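Participant: Got upload_33.txt for you, compact mmCIF, C-alpha atoms and all ligand atoms:
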# COMPACT_ATOMS: atom_id res chain seq x y z
CA MET A 152 194.37 2.49 50.73
CA THR A 153 194.57 -1.22 51.37
CA VAL A 154 192.24 -3.59 53.13
CA LYS A 155 194.64 -3.63 56.06
CA SER A 156 194.88 0.18 56.31
CA ASP A 157 191.07 0.44 56.06
CA TYR A 158 190.79 -1.94 59.00
CA ASP A 159 193.40 -0.08 61.02
CA GLN A 160 191.50 3.14 60.46
CA PHE A 161 188.30 1.46 61.67
CA VAL A 162 190.04 0.21 64.83
CA SER A 163 191.54 3.60 65.56
CA ALA A 164 188.10 5.27 65.19
CA GLN A 165 186.72 2.70 67.64
CA GLN A 166 189.51 3.38 70.14
CA LYS A 167 188.91 7.11 69.84
CA LEU A 168 185.22 6.58 70.63
CA GLN A 169 186.08 4.41 73.64
CA GLN A 170 188.24 7.23 75.02
CA HIS A 171 185.60 9.91 74.43
CA PRO A 172 183.88 10.92 77.72
CA MET A 173 180.50 9.81 76.28
CA GLY A 174 181.98 6.88 74.36
CA HIS A 175 181.13 4.08 76.77
CA PHE A 176 177.41 4.83 76.28
CA PHE A 177 177.63 3.50 72.73
CA PHE A 178 179.30 0.14 73.37
CA GLU A 179 177.44 -3.01 74.44
CA GLN A 180 174.19 -1.14 74.92
CA GLU A 181 172.33 -4.47 75.25
CA ARG A 182 173.78 -4.72 78.76
CA ARG A 183 171.50 -1.84 79.69
CA TYR A 184 168.34 -3.68 78.60
CA VAL A 185 165.46 -3.51 81.07
CA LYS A 186 162.53 -5.88 80.78
CA PRO A 187 159.60 -3.59 79.94
CA PHE A 188 156.75 -3.15 82.39
CA CYS A 189 153.38 -1.48 82.72
CA LEU A 190 154.05 1.76 84.57
CA TYR A 191 150.36 2.55 84.99
CA GLY A 192 147.27 1.50 82.99
CA ASN A 193 147.94 2.36 79.34
CA LEU A 194 151.46 3.70 79.99
CA HIS A 195 154.39 1.29 79.55
CA TYR A 196 158.14 1.56 80.10
CA VAL A 197 160.33 0.43 77.17
CA GLY A 198 163.59 2.27 77.92
CA ASP A 199 166.92 0.95 79.18
CA ASN A 200 168.54 1.39 82.59
CA TRP A 201 169.84 4.86 81.70
CA VAL A 202 167.65 6.57 79.12
CA CYS A 203 163.86 6.25 79.20
CA ALA A 204 161.32 5.48 76.52
CA HIS A 205 157.59 5.03 77.09
CA ILE A 206 154.68 3.70 75.08
CA LEU A 207 151.23 5.21 75.53
CA ASP A 208 148.35 3.19 74.08
CA THR A 209 145.79 5.75 72.87
CA GLY A 210 143.32 3.15 71.63
CA ALA A 211 143.95 4.34 68.05
CA GLY A 212 147.70 3.95 67.77
CA LEU A 213 150.71 4.11 70.03
CA ILE A 214 152.76 7.12 71.05
CA LEU A 215 156.43 6.47 71.68
CA PHE A 216 157.97 9.04 74.01
CA ASP A 217 161.65 9.29 73.11
CA ALA A 218 163.56 6.96 70.81
CA GLY A 219 166.51 5.76 72.85
CA ASN A 220 170.20 6.15 72.28
CA ILE A 221 171.72 6.08 68.81
CA GLY A 222 172.73 2.45 68.25
CA ALA A 223 170.01 1.02 70.53
CA THR A 224 167.14 0.72 68.04
CA ALA A 225 167.08 -3.09 67.99
CA MET A 226 166.83 -3.07 71.78
CA LEU A 227 163.93 -0.62 71.71
CA ILE A 228 162.12 -2.75 69.12
CA GLN A 229 162.60 -5.80 71.34
CA ALA A 230 161.26 -3.90 74.37
CA ILE A 231 158.15 -2.77 72.48
CA TRP A 232 157.40 -6.36 71.39
CA GLU A 233 158.10 -7.68 74.87
CA ALA A 234 155.71 -5.08 76.31
CA GLY A 235 153.01 -6.65 74.13
CA PHE A 236 152.90 -4.18 71.24
CA ASN A 237 153.83 -4.18 67.57
CA PRO A 238 156.39 -1.45 66.79
CA ALA A 239 154.59 -0.85 63.47
CA ASP A 240 151.65 0.53 65.50
CA VAL A 241 153.76 3.46 66.75
CA LYS A 242 151.87 6.20 64.92
CA TRP A 243 153.47 9.12 66.72
CA MET A 244 156.82 9.76 68.33
CA VAL A 245 157.20 12.60 70.83
CA LEU A 246 160.82 13.56 71.45
CA SER A 247 161.82 15.23 74.72
CA HIS A 248 164.66 17.08 72.99
CA ALA A 249 167.09 16.61 70.12
CA HIS A 250 170.10 15.01 71.83
CA VAL A 251 171.89 11.86 70.65
CA ASP A 252 170.58 9.73 73.55
CA HIS A 253 166.86 10.45 72.94
CA ILE A 254 166.47 10.34 69.15
CA GLY A 255 168.21 7.10 68.20
CA ALA A 256 165.32 5.22 66.59
CA ALA A 257 163.65 8.27 65.01
CA PRO A 258 164.96 7.75 61.44
CA PHE A 259 164.16 4.02 61.60
CA PHE A 260 160.53 4.54 62.68
CA GLN A 261 160.04 7.37 60.21
CA THR A 262 161.28 5.30 57.25
CA MET A 263 160.02 1.89 58.28
CA PHE A 264 156.58 2.69 59.74
CA GLY A 265 155.82 6.26 58.63
CA THR A 266 155.74 7.34 62.28
CA GLN A 267 155.02 11.07 62.67
CA ILE A 268 157.79 12.77 64.61
CA TYR A 269 157.02 15.57 67.09
CA LEU A 270 159.83 17.74 68.40
CA GLY A 271 159.96 21.14 70.13
CA ALA A 272 160.20 23.81 67.40
CA PRO A 273 163.59 25.24 68.46
CA ASP A 274 165.14 21.75 68.56
CA ALA A 275 163.60 20.90 65.16
CA ASP A 276 165.33 24.00 63.84
CA LEU A 277 168.59 23.10 65.56
CA LEU A 278 168.56 19.59 64.13
CA ALA A 279 167.91 20.95 60.64
CA THR A 280 170.42 23.78 60.69
CA ARG A 281 173.10 22.99 63.34
CA PRO A 282 172.89 19.19 63.83
CA GLU A 283 176.33 19.17 65.48
CA TRP A 284 174.56 20.44 68.64
CA SER A 285 172.53 17.22 68.73
CA PHE A 286 175.90 15.45 69.18
CA LEU A 287 175.17 12.85 66.50
CA GLN A 288 178.94 12.68 66.06
CA ASP A 289 179.39 11.41 69.63
CA ALA A 290 177.74 8.09 68.72
CA GLY A 291 180.43 7.21 66.20
CA ASP A 292 177.77 5.80 63.85
CA ILE A 293 178.55 7.20 60.41
CA GLN A 294 175.36 5.73 58.94
CA TYR A 295 173.16 7.86 61.19
CA GLN A 296 171.37 10.74 59.46
CA PRO A 297 169.36 13.62 60.91
CA PHE A 298 165.63 12.96 60.39
CA ARG A 299 162.73 15.17 59.36
CA THR A 300 160.50 16.68 62.07
CA ASP A 301 156.85 16.27 61.02
CA VAL A 302 155.31 18.45 63.72
CA ALA A 303 157.29 21.24 65.40
CA ILE A 304 155.74 21.65 68.85
CA GLN A 305 154.97 25.22 69.92
CA ASP A 306 154.56 26.47 73.47
CA GLY A 307 150.96 25.92 74.63
CA ASP A 308 149.99 23.40 71.93
CA LEU A 309 147.10 21.14 72.91
CA LEU A 310 147.21 18.12 70.58
CA THR A 311 145.03 15.03 70.24
CA PHE A 312 146.33 11.49 69.71
CA GLY A 313 143.62 8.83 69.64
CA ASP A 314 141.74 9.09 72.96
CA THR A 315 144.42 11.27 74.58
CA GLN A 316 144.87 15.02 74.65
CA ILE A 317 148.33 16.28 75.47
CA GLN A 318 149.13 19.74 76.75
CA PHE A 319 152.59 20.81 75.61
CA TYR A 320 154.93 23.55 76.79
CA LEU A 321 158.39 24.53 75.70
CA VAL A 322 160.81 24.47 78.64
CA PRO A 323 164.09 25.86 77.31
CA GLY A 324 167.11 25.15 79.49
CA HIS A 325 168.83 21.84 78.84
CA THR A 326 168.19 22.62 75.16
CA GLU A 327 166.16 25.45 73.64
CA GLY A 328 163.48 23.06 72.38
CA CYS A 329 162.98 20.82 75.42
CA ILE A 330 159.30 20.05 75.91
CA ALA A 331 157.21 19.44 78.99
CA CYS A 332 153.81 17.81 78.60
CA PHE A 333 150.80 16.70 80.60
CA PHE A 334 148.12 14.10 79.89
CA ASP A 335 145.73 11.62 81.53
CA VAL A 336 146.31 7.87 81.75
CA HIS A 337 143.68 5.30 82.63
CA ASP A 338 143.58 2.09 84.63
CA GLY A 339 140.04 0.72 84.61
CA ASN A 340 137.86 3.54 85.95
CA GLU A 341 140.78 5.32 87.56
CA THR A 342 142.51 8.31 85.92
CA LYS A 343 145.89 9.82 86.77
CA ARG A 344 147.68 12.89 85.42
CA VAL A 345 151.16 12.36 83.98
CA GLY A 346 153.84 15.05 83.84
CA TYR A 347 156.90 14.81 81.59
CA TYR A 348 159.89 17.15 81.61
CA GLY A 349 162.20 16.84 78.64
CA GLY A 350 165.71 17.44 80.00
CA PHE A 351 167.40 18.38 83.25
CA GLY A 352 171.16 18.04 82.62
CA PHE A 353 173.44 20.99 83.33
CA ASN A 354 176.05 19.75 80.83
CA THR A 355 174.69 22.26 78.30
CA LEU A 356 174.87 25.13 80.81
CA GLN A 357 178.63 24.91 81.33
CA LYS A 358 180.53 28.12 80.70
CA GLY A 359 182.61 26.68 77.85
CA TYR A 360 179.60 25.09 76.20
CA LEU A 361 177.48 28.25 76.23
CA CYS A 362 180.31 30.42 74.89
CA GLU A 363 180.81 28.09 71.93
CA TYR A 364 177.04 27.79 71.40
CA GLY A 365 176.75 31.58 71.14
CA ASP A 366 175.23 32.45 74.52
CA ALA A 367 178.13 34.37 76.07
CA ASP A 368 175.96 36.01 78.75
CA PHE A 369 174.62 32.59 79.85
CA SER A 370 170.98 33.61 79.37
CA MET A 371 170.04 29.94 79.00
CA ARG A 372 170.48 29.42 82.75
CA GLU A 373 167.88 32.10 83.53
CA ARG A 374 165.57 30.62 80.91
CA TYR A 375 165.96 27.22 82.56
CA LEU A 376 164.93 28.66 85.95
CA ALA A 377 161.92 30.32 84.32
CA SER A 378 160.95 27.02 82.65
CA LEU A 379 161.02 25.15 85.98
CA ALA A 380 158.82 27.86 87.54
CA LYS A 381 156.42 27.78 84.59
CA VAL A 382 155.36 24.14 85.09
CA ARG A 383 156.24 23.63 88.78
CA ASN A 384 152.64 23.81 90.00
CA GLN A 385 151.02 21.57 87.40
CA PRO A 386 149.01 18.84 89.14
CA VAL A 387 150.97 15.65 88.46
CA ASP A 388 150.21 12.20 89.91
CA ILE A 389 152.86 10.37 87.90
CA PHE A 390 156.21 11.95 87.06
CA MET A 391 157.36 10.35 83.80
CA PRO A 392 161.16 10.64 83.61
CA ASN A 393 163.42 10.85 80.56
CA HIS A 394 166.42 9.46 82.45
CA THR A 395 165.89 6.72 85.01
CA ASN A 396 167.67 8.64 87.80
CA ASN A 397 164.97 11.38 87.76
CA VAL A 398 162.64 9.10 89.75
CA ASN A 399 164.84 6.15 90.82
CA LEU A 400 162.98 4.19 88.19
CA LEU A 401 164.84 0.91 88.58
CA GLU A 402 164.17 0.69 92.34
CA LYS A 403 160.52 1.65 91.85
CA ARG A 404 160.20 -0.96 89.10
CA GLU A 405 161.47 -3.66 91.49
CA ALA A 406 159.05 -2.50 94.17
CA LEU A 407 156.12 -2.49 91.74
CA LEU A 408 156.90 -6.00 90.48
CA ALA A 409 157.23 -7.26 94.08
CA ASP A 410 153.93 -5.71 95.15
CA PRO A 411 151.61 -4.79 92.25
CA THR A 412 148.94 -3.60 94.71
CA HIS A 413 151.03 -0.53 95.56
CA ASN A 414 152.29 1.55 92.61
CA PRO A 415 155.27 3.69 93.71
CA PHE A 416 155.12 5.69 90.47
CA VAL A 417 151.85 7.23 91.68
CA ASP A 418 153.13 10.00 93.95
CA GLU A 419 151.70 13.49 93.66
CA THR A 420 154.70 15.01 95.47
CA ALA A 421 157.43 13.63 93.17
CA TRP A 422 157.12 16.21 90.39
CA GLY A 423 157.29 19.34 92.55
CA ARG A 424 159.98 17.85 94.76
CA TYR A 425 162.28 17.04 91.82
CA LEU A 426 161.75 20.38 90.06
CA ASP A 427 162.55 22.22 93.31
CA GLU A 428 165.66 20.07 93.74
CA LYS A 429 166.77 21.03 90.22
CA ARG A 430 166.05 24.72 90.83
CA ASN A 431 168.20 24.70 93.99
CA ALA A 432 170.99 22.78 92.25
CA LEU A 433 170.92 25.22 89.34
CA VAL A 434 171.13 28.25 91.64
CA ALA A 435 174.16 26.66 93.33
CA PHE A 436 175.67 25.90 89.90
CA MET A 437 175.18 29.53 88.82
CA ASN A 438 176.95 30.71 91.98
CA ASP A 439 179.93 28.42 91.36
CA PRO A 440 182.91 30.73 90.61
CA HIS A 441 184.15 28.24 87.95
CA GLN A 442 180.93 28.75 86.00
CA ARG A 443 180.97 32.57 85.89
ZN ZN A 501 170.15 15.96 76.50
Please express the file's structure as structure tokens.
Ligand SMILES: [Zn+2]
Facilitator:
Amino acid sequence: MTVKSDYDQFVSAQQKLQQHPMGHFFFEQERRYVKPFCLYGNLHYVGDNWVCAHILDTGAGLILFDAGNIGATAMLIQAIWEAGFNPADVKWMVLSHAHVDHIGAAPFFQTMFGTQIYLGAPDADLLATRPEWSFLQDAGDIQYQPFRTDVAIQDGDLLTFGDTQIQFYLVPGHTEGCIACFFDVHDGNETKRVGYYGGFGFNTLQKGYLCEYGDADFSMRERYLASLAKVRNQPVDIFMPNHTNNVNLLEKREALLADPTHNPFVDETAWGRYLDEKRNALVAFMNDPHQR
């Protein structure tokens, strides 16, 4: 090995990442920065223009919902400061599921601030025993290490964080340990119910994926449908997304900033509408001859 051959190897690894279907997500992530904003009362948006992250101020510490993409930790830290909070006050981190684009800052917060990490029990197990299914390798960051889950969330858990109680469910489908959760947020004397659903993508329901994962009869698709049905009728005033396209977050953000007297994120029909849309899309996907 020489200095020159080391460098050439580095460049070829970079080129390989650029050509990977997910590769572009890990270059120049700062271009996806979104100026944080108050989504409602004590709930703030600190994600980028693709993958969401939210801060909930519980009055006795902050909860960070999702930790951004691997490689985007500095950006998340900037967003938390710009939202008016100190990242060191993030006492708890609730992860929607264990994929590369939602867990990026988890090891940093765990080591730097002692943040307690909450993850659906099946995904905690996956990360500990089969971390390749978290796709850490897709980020091309060889420094990145799987982190320790402090609290493995079980279906039906009702947990307290400061002044906030959160009702958790496991909603297997996109991953086995995806979580959904429900909690109240406050703006002055007004209270709204938030609903969060931890993963909608069908990328993990593809025929080839499921065969390699060890689900040759595609049972995960049925479990996904059952998960949607399980939480479909929860009363939700504010649908908190984990990717911006779930709720057209960027457009709604613009509308909210233009007219703060009308909050487009408060919409009690959004949750049910989107879950129904996903159910119909999944049924169509399951009937696609290429996926059987
Ligand atoms: Zn995912």
Participant: Find the residues near ligand ZN 501 (chain A). Use a cut-off of 8 Å, count only C-alpha atoms and all ligand atoms, and write them as number ranges by chain.
Facilitator: A: 248-253, 325-326, 350-352, 355
Participant: Restricted to C-alpha atoms, what would the selected residues look like written as a PDB file, in the coordinates of the input?
Facilitator:
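The new file part.pdb reads:
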ATOM      1  CA  HIS A 248     164.660  17.080  72.990  1.00  0.00           C
ATOM      2  CA  ALA A 249     167.090  16.610  70.120  1.00  0.00           C
ATOM      3  CA  HIS A 250     170.100  15.010  71.830  1.00  0.00           C
ATOM      4  CA  VAL A 251     171.890  11.860  70.650  1.00  0.00           C
ATOM      5  CA  ASP A 252     170.580   9.730  73.550  1.00  0.00           C
ATOM      6  CA  HIS A 253     166.860  10.450  72.940  1.00  0.00           C
ATOM      7  CA  HIS A 325     168.830  21.840  78.840  1.00  0.00           C
ATOM      8  CA  THR A 326     168.190  22.620  75.160  1.00  0.00           C
ATOM      9  CA  GLY A 350     165.710  17.440  80.000  1.00  0.00           C
ATOM     10  CA  PHE A 351     167.400  18.380  83.250  1.00  0.00           C
ATOM     11  CA  GLY A 352     171.160  18.040  82.620  1.00  0.00           C
ATOM     12  CA  THR A 355     174.690  22.260  78.300  1.00  0.00           C
TER      13      THR A 355
END
Participant: Please, which residues in range 203-296 of chain A fall within 12 Å of range 385-401 of chain A when counting only C-alpha atoms, and what is the closest atom pair and distance in Å to one decimal for each, ordered by chain then residue number, as a tab-separated table?
Facilitator:
residue	atom	partner	partner_atom	distance
A:Cys203	CA	A:Asn393	CA	4.8
A:Ala204	CA	A:Asn393	CA	7.0
A:His205	CA	A:Met391	CA	8.6
A:Ile206	CA	A:Met391	CA	11.3
A:Leu207	CA	A:Met391	CA	11.5
A:Phe216	CA	A:Asn393	CA	8.7
A:Asp217	CA	A:Asn393	CA	7.8
A:Ala218	CA	A:Asn393	CA	10.5
A:Gly219	CA	A:Asn393	CA	9.7
A:Asn220	CA	A:His394	CA	11.3
A:Val245	CA	A:Asn393	CA	11.7
A:Leu246	CA	A:Asn393	CA	9.9
A:Ser247	CA	A:Asn393	CA	7.5
A:His248	CA	A:Asn393	CA	9.9
A:His250	CA	A:Asn393	CA	11.8
A:Asp252	CA	A:His394	CA	9.8
A:His253	CA	A:Asn393	CA	8.4
A:Ile254	CA	A:Asn393	CA	11.8
Participant: Excluding range 259-272 of chain A and any residue of its chain fewer than 3 positions from it, enumerate the residues within 8 Å of it, using all atoms listed in the file, and give them as a ChimeraX atom specification.
Facilitator: /A:224,239-249,256,275-276,298-305,321,328-330
Participant: Could you give me, as a PyMOL selection string, the residues within 12 Å of Tyr360 in chain A, counting all atoms listed in the file and dropping anything in the same chain fewer than 3 positions from it?
Facilitator: chain A and resi 284+325-326+353-357+363-369+371+442
Participant: Grab the CA of Val345 in chain A to CA of Phe333 in chain A distance for me, in Å with one decimal place.
Facilitator: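 One can read the CA of Val345 in chain A to CA of Phe333 in chain A distance as 5.5 Å.
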Participant: Set the distance at 12 Å and use only C-alpha atoms: which residues neighbour Trp232 in chain A once local chain neighbours fewer than 2 positions away are removed? I'd like the list as a list in words.
Facilitator: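 Once the nearby chain positions are removed, what remains is Lys186, Pro187, Phe188, His195, Tyr196, Val197, Ile206, Ala225, Met226, Leu227, Ile228, Gln229, Ala230, Ala234, Gly235, Phe236, Asn237, Pro238, Ala239, Asp240 and Val241 of chain A.
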Participant: What does the distance between CA of Leu407 in chain A and CA of Arg430 in chain A come to in Å, to one decimal place?
Facilitator: 29.0 Å
Participant: What is the CA of Asp199 in chain A to CA of Arg183 in chain A distance in Å?
Facilitator: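 Answer for the CA of Asp199 in chain A to CA of Arg183 in chain A separation: 5.4 Å.
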Participant: Padding 6 Å on each side, edges along x, y and z: where is the centre of the box around the listed atoms of range 337-356 of chain A, and how long are its edges in Å to one decimal? Output it as lines of an AutoDock Vina configuration file.
Facilitator:
center_x = 157.0
center_y = 12.9
center_z = 82.9
size_x = 50.2
size_y = 36.4
size_z = 21.3
Participant: Please work out which residues fall within 10 Å of (164.5, 25.6, 84.2), coordinates as given in the file, with all atoms listed in the file counting, and return them as a PyMOL selection string.
Facilitator: chain A and resi 322-325+348+350-351+371-383+426-427+429-430+433
Participant: Closest to Leu215 in chain A among A:Ala409, A:Val202, A:Ile231, A:Ala331, using all atoms listed in the file?
Facilitator: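 Counting all atoms listed in the file, the residue closest to Leu215 in chain A is A:Ile231.
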Participant: Tell me which of A:Gly222, A:Gly192, A:Gly198, A:Gly212 sits closest to Val417 in chain A, counting all atoms listed in the file.
Facilitator: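 Selected residue with least distance to Val417 in chain A: A:Gly192.
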Participant: Find the nearest atom pair between each residue of range 155-272 of chain A and range 289-292 of chain A for residues within 10 Å, count only C-alpha atoms, give distances in Å to one decimal, sort rows by chain and ascending number, and present the table as a Markdown table.
Facilitator:
| residue | atom | partner | partner_atom | distance |
| --- | --- | --- | --- | --- |
| A:Ala164 | CA | A:Gly291 | CA | 8.0 |
| A:Gln165 | CA | A:Gly291 | CA | 7.9 |
| A:Lys167 | CA | A:Gly291 | CA | 9.2 |
| A:Leu168 | CA | A:Gly291 | CA | 6.6 |
| A:Gln169 | CA | A:Gly291 | CA | 9.8 |
| A:His171 | CA | A:Asp289 | CA | 8.0 |
| A:Pro172 | CA | A:Asp289 | CA | 9.3 |
| A:Met173 | CA | A:Asp289 | CA | 6.9 |
| A:Gly174 | CA | A:Asp289 | CA | 7.0 |
| A:His175 | CA | A:Ala290 | CA | 9.6 |
| A:Phe176 | CA | A:Ala290 | CA | 8.2 |
| A:Phe177 | CA | A:Ala290 | CA | 6.1 |
| A:Phe178 | CA | A:Ala290 | CA | 9.3 |
| A:Asn220 | CA | A:Ala290 | CA | 8.6 |
| A:Ile221 | CA | A:Ala290 | CA | 6.3 |
| A:Gly222 | CA | A:Asp292 | CA | 7.5 |
| A:Val251 | CA | A:Ala290 | CA | 7.2 |
| A:Asp252 | CA | A:Ala290 | CA | 8.8 |
| A:Gly255 | CA | A:Ala290 | CA | 9.6 |
Participant: Could you check which of A:Ile293, A:Ala406, A:Asp274, A:Gly339 is closest to Phe161 in chain A, using only C-alpha atoms?
Facilitator: A:Ile293
Participant: Please list as an mmCIF file with C-alpha atoms, in the coordinates of the input every residue within 6 Å of Phe319 in chain A, counting all atoms listed in the file and excluding residues in the same chain fewer than 6 positions away.
Facilitator:
data_model
loop_
_atom_site.group_PDB
_atom_site.id
_atom_site.type_symbol
_atom_site.label_atom_id
_atom_site.label_comp_id
_atom_site.auth_asym_id
_atom_site.auth_seq_id
_atom_site.Cartn_x
_atom_site.Cartn_y
_atom_site.Cartn_z
ATOM 1 C CA GLY A 307 150.960 25.920 74.630
ATOM 2 C CA ASP A 308 149.990 23.400 71.930
ATOM 3 C CA ALA A 331 157.210 19.440 78.990
ATOM 4 C CA CYS A 332 153.810 17.810 78.600
#
